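Student: File follows, input_38.txt with compact mmCIF, N, CA and C atoms and all ligand atoms:
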# COMPACT_ATOMS: atom_id res chain seq x y z
N MET L 1 4.43 -8.27 -46.51
CA MET L 1 4.16 -7.74 -45.17
C MET L 1 2.66 -7.78 -44.91
N PHE L 2 2.28 -8.33 -43.78
CA PHE L 2 0.88 -8.32 -43.35
C PHE L 2 0.70 -7.24 -42.31
N LYS L 3 -0.47 -6.61 -42.32
CA LYS L 3 -0.74 -5.54 -41.38
C LYS L 3 -2.18 -5.69 -40.90
N ILE L 4 -2.40 -5.61 -39.59
CA ILE L 4 -3.76 -5.63 -39.05
C ILE L 4 -3.94 -4.41 -38.15
N THR L 5 -5.17 -3.95 -38.04
CA THR L 5 -5.46 -2.83 -37.14
C THR L 5 -6.73 -3.16 -36.36
N LYS L 6 -6.81 -2.60 -35.18
CA LYS L 6 -8.04 -2.70 -34.39
C LYS L 6 -8.24 -1.38 -33.67
N GLU L 7 -9.50 -0.95 -33.61
CA GLU L 7 -9.82 0.35 -33.04
C GLU L 7 -10.48 0.19 -31.67
N PHE L 8 -10.13 1.11 -30.77
CA PHE L 8 -10.68 1.15 -29.42
C PHE L 8 -11.13 2.58 -29.14
N SER L 9 -11.91 2.77 -28.09
CA SER L 9 -12.36 4.12 -27.77
C SER L 9 -12.45 4.31 -26.26
N PHE L 10 -12.33 5.56 -25.86
CA PHE L 10 -12.56 5.93 -24.47
C PHE L 10 -12.87 7.42 -24.43
N SER L 11 -13.43 7.85 -23.31
CA SER L 11 -13.74 9.26 -23.11
C SER L 11 -12.96 9.75 -21.91
N ALA L 12 -12.42 10.97 -22.03
CA ALA L 12 -11.62 11.50 -20.92
C ALA L 12 -11.49 13.01 -21.07
N SER L 13 -11.07 13.65 -19.97
CA SER L 13 -10.80 15.08 -20.00
C SER L 13 -9.30 15.33 -19.96
N HIS L 14 -8.91 16.51 -20.44
CA HIS L 14 -7.53 16.96 -20.27
C HIS L 14 -7.49 18.46 -20.42
N GLN L 15 -6.33 19.01 -20.12
CA GLN L 15 -6.11 20.45 -20.21
C GLN L 15 -4.64 20.63 -20.55
N LEU L 16 -4.37 21.28 -21.67
CA LEU L 16 -2.98 21.47 -22.10
C LEU L 16 -2.49 22.81 -21.56
N LEU L 17 -1.75 22.73 -20.47
CA LEU L 17 -1.23 23.95 -19.86
C LEU L 17 0.07 24.35 -20.56
N GLY L 18 0.45 25.60 -20.39
CA GLY L 18 1.65 26.09 -21.07
C GLY L 18 1.35 26.71 -22.42
N LEU L 19 0.11 26.56 -22.88
CA LEU L 19 -0.29 27.20 -24.13
C LEU L 19 -0.78 28.61 -23.80
N PRO L 20 -0.86 29.49 -24.80
CA PRO L 20 -1.43 30.82 -24.54
C PRO L 20 -2.82 30.68 -23.94
N PRO L 21 -3.17 31.55 -23.00
CA PRO L 21 -4.45 31.41 -22.28
C PRO L 21 -5.67 31.44 -23.20
N ASP L 22 -5.55 32.07 -24.38
CA ASP L 22 -6.69 32.13 -25.28
C ASP L 22 -6.76 30.90 -26.20
N HIS L 23 -5.80 29.98 -26.07
CA HIS L 23 -5.84 28.75 -26.88
C HIS L 23 -6.93 27.84 -26.31
N PRO L 24 -7.86 27.34 -27.13
CA PRO L 24 -8.96 26.53 -26.59
C PRO L 24 -8.49 25.29 -25.85
N CYS L 25 -7.35 24.73 -26.24
CA CYS L 25 -6.86 23.51 -25.56
C CYS L 25 -6.31 23.80 -24.18
N ALA L 26 -6.13 25.07 -23.86
CA ALA L 26 -5.67 25.43 -22.50
C ALA L 26 -6.81 25.35 -21.50
N ARG L 27 -8.05 25.33 -22.00
CA ARG L 27 -9.20 25.20 -21.11
C ARG L 27 -9.49 23.72 -20.84
N LEU L 28 -10.07 23.46 -19.67
CA LEU L 28 -10.47 22.09 -19.34
C LEU L 28 -11.54 21.64 -20.33
N HIS L 29 -11.32 20.50 -20.97
CA HIS L 29 -12.27 19.99 -21.95
C HIS L 29 -12.09 18.48 -22.09
N GLY L 30 -12.95 17.86 -22.86
CA GLY L 30 -12.88 16.41 -23.02
C GLY L 30 -12.97 15.98 -24.47
N HIS L 31 -12.64 14.72 -24.69
CA HIS L 31 -12.73 14.14 -26.03
C HIS L 31 -13.31 12.73 -25.93
N ASN L 32 -13.94 12.30 -27.01
CA ASN L 32 -14.22 10.89 -27.22
C ASN L 32 -13.09 10.36 -28.09
N TYR L 33 -12.09 9.80 -27.44
CA TYR L 33 -10.87 9.38 -28.13
C TYR L 33 -11.09 8.09 -28.91
N LEU L 34 -10.44 8.01 -30.06
CA LEU L 34 -10.31 6.75 -30.78
C LEU L 34 -8.83 6.38 -30.79
N VAL L 35 -8.56 5.09 -30.61
CA VAL L 35 -7.19 4.59 -30.62
C VAL L 35 -7.13 3.43 -31.60
N GLU L 36 -6.20 3.51 -32.53
CA GLU L 36 -6.03 2.42 -33.50
C GLU L 36 -4.66 1.79 -33.30
N LEU L 37 -4.65 0.48 -33.05
CA LEU L 37 -3.40 -0.26 -32.93
C LEU L 37 -3.11 -0.91 -34.28
N GLU L 38 -1.85 -0.84 -34.69
CA GLU L 38 -1.43 -1.48 -35.94
C GLU L 38 -0.33 -2.49 -35.61
N LEU L 39 -0.54 -3.74 -36.04
CA LEU L 39 0.45 -4.79 -35.86
C LEU L 39 0.83 -5.32 -37.23
N SER L 40 2.11 -5.65 -37.40
CA SER L 40 2.60 -6.08 -38.70
C SER L 40 3.48 -7.32 -38.54
N GLY L 41 3.56 -8.09 -39.61
CA GLY L 41 4.42 -9.25 -39.61
C GLY L 41 4.69 -9.73 -41.02
N THR L 42 5.86 -10.32 -41.21
CA THR L 42 6.17 -10.88 -42.53
C THR L 42 5.70 -12.32 -42.63
N THR L 43 5.42 -12.92 -41.46
CA THR L 43 4.91 -14.29 -41.45
C THR L 43 3.64 -14.34 -40.62
N LEU L 44 2.88 -15.39 -40.80
CA LEU L 44 1.65 -15.57 -40.03
C LEU L 44 1.83 -16.71 -39.04
N ASN L 45 1.06 -16.68 -37.97
CA ASN L 45 1.14 -17.76 -37.00
C ASN L 45 0.41 -19.00 -37.56
N PRO L 46 0.45 -20.12 -36.86
CA PRO L 46 -0.14 -21.35 -37.40
C PRO L 46 -1.63 -21.24 -37.71
N HIS L 47 -2.31 -20.24 -37.11
CA HIS L 47 -3.74 -20.04 -37.38
C HIS L 47 -3.97 -19.10 -38.56
N GLY L 48 -2.89 -18.57 -39.15
CA GLY L 48 -3.04 -17.69 -40.30
C GLY L 48 -3.23 -16.23 -39.93
N PHE L 49 -2.89 -15.87 -38.69
CA PHE L 49 -3.04 -14.49 -38.23
C PHE L 49 -1.67 -13.84 -38.00
N VAL L 50 -1.60 -12.51 -38.16
CA VAL L 50 -0.48 -11.76 -37.57
C VAL L 50 -0.58 -11.90 -36.05
N ARG L 51 -1.80 -11.70 -35.54
CA ARG L 51 -2.12 -11.86 -34.11
C ARG L 51 -3.64 -11.95 -34.04
N ASP L 52 -4.15 -12.90 -33.31
CA ASP L 52 -5.60 -13.02 -33.16
C ASP L 52 -6.16 -11.73 -32.56
N TYR L 53 -7.13 -11.11 -33.23
CA TYR L 53 -7.72 -9.86 -32.71
C TYR L 53 -8.17 -10.01 -31.27
N ARG L 54 -8.62 -11.19 -30.92
CA ARG L 54 -9.14 -11.38 -29.55
C ARG L 54 -8.05 -11.21 -28.50
N GLU L 55 -6.79 -11.45 -28.91
CA GLU L 55 -5.70 -11.25 -27.95
C GLU L 55 -5.51 -9.77 -27.62
N LEU L 56 -6.06 -8.89 -28.47
CA LEU L 56 -5.92 -7.45 -28.22
C LEU L 56 -6.95 -6.94 -27.23
N ASP L 57 -7.86 -7.81 -26.80
CA ASP L 57 -8.90 -7.37 -25.87
C ASP L 57 -8.33 -6.87 -24.54
N ILE L 58 -7.13 -7.30 -24.17
CA ILE L 58 -6.56 -6.81 -22.90
C ILE L 58 -6.24 -5.32 -23.00
N PHE L 59 -6.08 -4.80 -24.23
CA PHE L 59 -5.88 -3.34 -24.36
C PHE L 59 -7.16 -2.61 -23.96
N LYS L 60 -8.30 -3.18 -24.30
CA LYS L 60 -9.57 -2.56 -23.89
C LYS L 60 -9.67 -2.51 -22.37
N LYS L 61 -9.28 -3.59 -21.71
CA LYS L 61 -9.32 -3.59 -20.25
C LYS L 61 -8.36 -2.54 -19.69
N TYR L 62 -7.18 -2.43 -20.29
CA TYR L 62 -6.19 -1.43 -19.84
C TYR L 62 -6.77 -0.02 -19.96
N ILE L 63 -7.35 0.34 -21.11
CA ILE L 63 -7.85 1.72 -21.23
C ILE L 63 -9.11 1.93 -20.39
N ASP L 64 -9.95 0.89 -20.27
CA ASP L 64 -11.13 1.01 -19.40
C ASP L 64 -10.70 1.27 -17.95
N ASP L 65 -9.69 0.53 -17.50
CA ASP L 65 -9.26 0.64 -16.11
C ASP L 65 -8.46 1.92 -15.84
N GLU L 66 -7.63 2.32 -16.82
CA GLU L 66 -6.64 3.37 -16.53
C GLU L 66 -7.04 4.77 -17.01
N VAL L 67 -7.74 4.88 -18.14
CA VAL L 67 -7.94 6.23 -18.71
C VAL L 67 -9.39 6.60 -18.98
N ASP L 68 -10.30 5.62 -19.10
CA ASP L 68 -11.67 5.95 -19.46
C ASP L 68 -12.36 6.74 -18.36
N HIS L 69 -13.01 7.84 -18.76
CA HIS L 69 -13.72 8.71 -17.83
C HIS L 69 -12.83 9.18 -16.68
N ARG L 70 -11.61 9.53 -17.03
CA ARG L 70 -10.66 10.09 -16.05
C ARG L 70 -10.10 11.40 -16.60
N HIS L 71 -9.40 12.14 -15.70
CA HIS L 71 -8.73 13.37 -16.09
C HIS L 71 -7.27 13.01 -16.41
N LEU L 72 -6.91 13.10 -17.67
CA LEU L 72 -5.64 12.54 -18.13
C LEU L 72 -4.43 13.24 -17.50
N ASN L 73 -4.54 14.53 -17.17
CA ASN L 73 -3.42 15.21 -16.51
C ASN L 73 -3.09 14.50 -15.19
N GLU L 74 -4.12 14.07 -14.48
CA GLU L 74 -3.90 13.37 -13.20
C GLU L 74 -3.39 11.96 -13.45
N VAL L 75 -3.95 11.28 -14.43
CA VAL L 75 -3.54 9.90 -14.71
C VAL L 75 -2.04 9.83 -15.01
N PHE L 76 -1.56 10.75 -15.87
CA PHE L 76 -0.18 10.67 -16.33
C PHE L 76 0.76 11.63 -15.60
N GLY L 77 0.22 12.46 -14.73
CA GLY L 77 1.07 13.36 -13.96
C GLY L 77 1.80 14.38 -14.80
N THR L 78 1.18 14.81 -15.89
CA THR L 78 1.79 15.83 -16.74
C THR L 78 0.69 16.72 -17.30
N ASP L 79 1.05 17.94 -17.64
CA ASP L 79 0.08 18.87 -18.22
C ASP L 79 0.20 18.93 -19.74
N PHE L 80 0.84 17.92 -20.33
CA PHE L 80 1.03 17.90 -21.78
C PHE L 80 0.53 16.58 -22.37
N VAL L 81 -0.69 16.20 -21.99
CA VAL L 81 -1.26 14.94 -22.48
C VAL L 81 -1.90 15.18 -23.84
N THR L 82 -1.04 15.29 -24.85
CA THR L 82 -1.50 15.47 -26.22
C THR L 82 -1.84 14.12 -26.84
N ALA L 83 -2.45 14.15 -28.01
CA ALA L 83 -2.70 12.90 -28.75
C ALA L 83 -1.37 12.22 -29.08
N GLU L 84 -0.35 13.02 -29.36
CA GLU L 84 0.97 12.45 -29.65
C GLU L 84 1.52 11.71 -28.42
N PHE L 85 1.38 12.33 -27.25
CA PHE L 85 1.83 11.71 -26.00
C PHE L 85 1.09 10.40 -25.78
N LEU L 86 -0.22 10.41 -25.98
CA LEU L 86 -1.01 9.18 -25.77
C LEU L 86 -0.59 8.10 -26.75
N ALA L 87 -0.34 8.46 -28.00
CA ALA L 87 0.06 7.45 -29.00
C ALA L 87 1.36 6.79 -28.58
N GLN L 88 2.33 7.58 -28.11
CA GLN L 88 3.62 7.02 -27.70
C GLN L 88 3.47 6.17 -26.43
N THR L 89 2.65 6.66 -25.50
CA THR L 89 2.44 5.93 -24.25
C THR L 89 1.75 4.59 -24.50
N PHE L 90 0.71 4.60 -25.33
CA PHE L 90 0.01 3.35 -25.65
C PHE L 90 0.90 2.41 -26.44
N TYR L 91 1.75 2.97 -27.32
CA TYR L 91 2.69 2.13 -28.07
C TYR L 91 3.60 1.36 -27.10
N ALA L 92 4.13 2.08 -26.11
CA ALA L 92 5.04 1.45 -25.15
C ALA L 92 4.34 0.32 -24.39
N TRP L 93 3.08 0.55 -24.01
CA TRP L 93 2.31 -0.50 -23.32
C TRP L 93 2.12 -1.71 -24.24
N CYS L 94 1.76 -1.45 -25.48
CA CYS L 94 1.52 -2.54 -26.44
C CYS L 94 2.80 -3.33 -26.72
N LYS L 95 3.93 -2.62 -26.81
CA LYS L 95 5.19 -3.27 -27.16
C LYS L 95 5.55 -4.35 -26.14
N LYS L 96 5.17 -4.12 -24.88
CA LYS L 96 5.45 -5.11 -23.83
C LYS L 96 4.62 -6.37 -24.04
N ASN L 97 3.49 -6.23 -24.69
CA ASN L 97 2.57 -7.37 -24.87
C ASN L 97 2.69 -8.02 -26.24
N TRP L 98 2.94 -7.21 -27.27
CA TRP L 98 2.95 -7.73 -28.63
C TRP L 98 4.12 -7.15 -29.41
N PRO L 99 5.15 -7.95 -29.68
CA PRO L 99 6.29 -7.44 -30.44
C PRO L 99 5.91 -7.00 -31.85
N GLU L 100 4.74 -7.44 -32.32
CA GLU L 100 4.32 -7.08 -33.70
C GLU L 100 3.77 -5.67 -33.81
N ILE L 101 3.64 -4.94 -32.70
CA ILE L 101 3.06 -3.60 -32.78
C ILE L 101 3.99 -2.70 -33.61
N THR L 102 3.42 -1.98 -34.57
CA THR L 102 4.24 -1.10 -35.40
C THR L 102 3.82 0.36 -35.31
N ALA L 103 2.58 0.63 -34.90
CA ALA L 103 2.15 2.02 -34.80
C ALA L 103 0.91 2.09 -33.94
N VAL L 104 0.73 3.25 -33.31
CA VAL L 104 -0.50 3.55 -32.58
C VAL L 104 -0.96 4.93 -33.03
N ARG L 105 -2.24 5.02 -33.37
CA ARG L 105 -2.83 6.29 -33.78
C ARG L 105 -3.90 6.69 -32.77
N VAL L 106 -3.96 7.98 -32.47
CA VAL L 106 -4.94 8.51 -31.52
C VAL L 106 -5.66 9.68 -32.17
N SER L 107 -6.99 9.65 -32.08
CA SER L 107 -7.81 10.72 -32.62
C SER L 107 -8.60 11.38 -31.49
N GLU L 108 -8.59 12.71 -31.52
CA GLU L 108 -9.39 13.47 -30.55
C GLU L 108 -10.65 14.04 -31.19
N THR L 109 -10.61 14.24 -32.49
CA THR L 109 -11.74 14.83 -33.21
C THR L 109 -11.92 14.06 -34.52
N PRO L 110 -13.06 14.19 -35.18
CA PRO L 110 -13.30 13.42 -36.40
C PRO L 110 -12.30 13.69 -37.53
N ARG L 111 -11.59 14.80 -37.48
CA ARG L 111 -10.69 15.13 -38.59
C ARG L 111 -9.22 15.11 -38.22
N THR L 112 -8.87 14.67 -37.00
CA THR L 112 -7.45 14.73 -36.61
C THR L 112 -6.98 13.39 -36.06
N TRP L 113 -5.75 13.03 -36.41
CA TRP L 113 -5.09 11.84 -35.89
C TRP L 113 -3.64 12.19 -35.58
N ALA L 114 -3.12 11.60 -34.51
CA ALA L 114 -1.68 11.65 -34.23
C ALA L 114 -1.19 10.21 -34.20
N GLU L 115 -0.01 9.99 -34.75
CA GLU L 115 0.51 8.63 -34.84
C GLU L 115 1.90 8.56 -34.22
N TYR L 116 2.19 7.49 -33.48
CA TYR L 116 3.55 7.18 -33.06
C TYR L 116 3.97 5.90 -33.77
N ARG L 117 5.04 6.01 -34.54
CA ARG L 117 5.59 4.88 -35.29
C ARG L 117 7.10 4.99 -35.19
N PRO L 118 7.73 4.16 -34.36
CA PRO L 118 9.19 4.33 -34.18
C PRO L 118 9.94 4.13 -35.49
ZN ZN X 201 -8.03 18.30 -26.18
Write the structure described by the file as structure tokens, please.

Tutor:
Amino acid sequence: MFKITKEFSFSASHQLLGLPPDHPCARLHGHNYLVELELSGTTLNPHGFVRDYRELDIFKKYIDDEVDHRHLNEVFGTDFVTAEFLAQTFYAWCKKNWPEITAVRVSETPRTWAEYRP
């Protein structure tokens, strides 16, 4: 099995409503998000890649256009834009473009990651 990953980043605000009012995530705040895409394959294409990293550049355009420097509650129309939600949402977007996608990881802080892996 071959596995490749590529990391992307964006900055955005969110507010997790429905939590106790004293929970820090219930307050409006922002993160410098990191997103890691993982693609896997048992075979390589004729160029020797699972997928050319350069083909993943359209994901950068997607996050730049849709989520960078935006308020995520408004972007997604929900008050539960957790790292887990973002990982699953980005996975669904990637799956339409690359069948080799196997997982998406999202980090909000230097010590935390959430992963969606069906
Ligand atoms: Zn947060």

Student: So how far away is atom C of Phe85 of chain L from atom C of Asp22 of chain L, in Å?

Tutor: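 Atom C of Phe85 of chain L lies 22.0 Å from atom C of Asp22 of chain L.
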
Student: Please, which residues have at least one atom within 12 Å of an atom of ligand ZN 201 (chain X), using only C-alpha atoms and all ligand atoms, listed as a PyMOL selection string?

Tutor: chain L and resi 11-17+19+23-33+71-73+79-86+106-109+112

Student: Using only C-alpha atoms for the distances, tell me which of L:Leu39, L:Val75, L:Met1, L:Val104 is nearest to Ala87 of chain L.

Tutor: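 Among the listed residues, the smallest separation from Ala87 of chain L belongs to L:Val104.
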
Student: Got a sec to tell me which of chain L DSSP assigns to alpha helix (DSSP H), as a VMD selection string?

Tutor: chain L and resid 57 to 66 72 to 76 83 to 97

Student: Calculate how many Å separate atom CA of His69 of chain L from atom N of Thr5 of chain L, rounding to one decimal.

Tutor: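 Distance between the two atoms: 25.3 Å.
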
Student: Which residues come within 8 Å of segment 89-92 of chain L, counting only N, CA and C atoms, excluding same-chain residues fewer than 5 positions away, as a list in words?

Tutor: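 So the residues in contact are Ala83, Glu84, Asn97, Ile101, Thr102, Ala103, Val104, Arg105, Tyr116 and Arg117 of chain L.
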
Student: Could you check the closest approach to Glu66 of chain L for each of L:Thr43, L:Phe10, L:Asp52, L:Cys94 and tell me which residue wins, using only C-alpha atoms?

Tutor: L:Phe10

Student: What separation in Å, quoted to one decimal, exists between atom CA of Phe2 of chain L and atom CA of Phe49 of chain L?

Tutor: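 Value for the atom CA of Phe2 of chain L-atom CA of Phe49 of chain L distance: 8.9 Å.
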
Student: Please identify the strand (DSSP E) residues within chain L (assignment by DSSP from backbone atoms) and present them as a PyMOL selection string.

Tutor: chain L and resi 2-14+29-41+70-71+101-109+112-116

Student: Around all listed atoms of segment 69-76 of chain L, padded 4 Å per side, what centre and edge lengths does the axis-aligned box have in Å to one decimal, as AutoDock Vina command-line options?

Tutor:
--center_x -6.5 --center_y 11.5 --center_z -16.0 --size_x 22.5 --size_y 15.4 --size_z 13.6

Student: Just checking: using only C-alpha atoms, which residue out of L:Pro99, L:Pro20, L:Glu36, L:Trp93 ends up closest to Ile58 of chain L?

Tutor: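 Closest candidate: L:Trp93.
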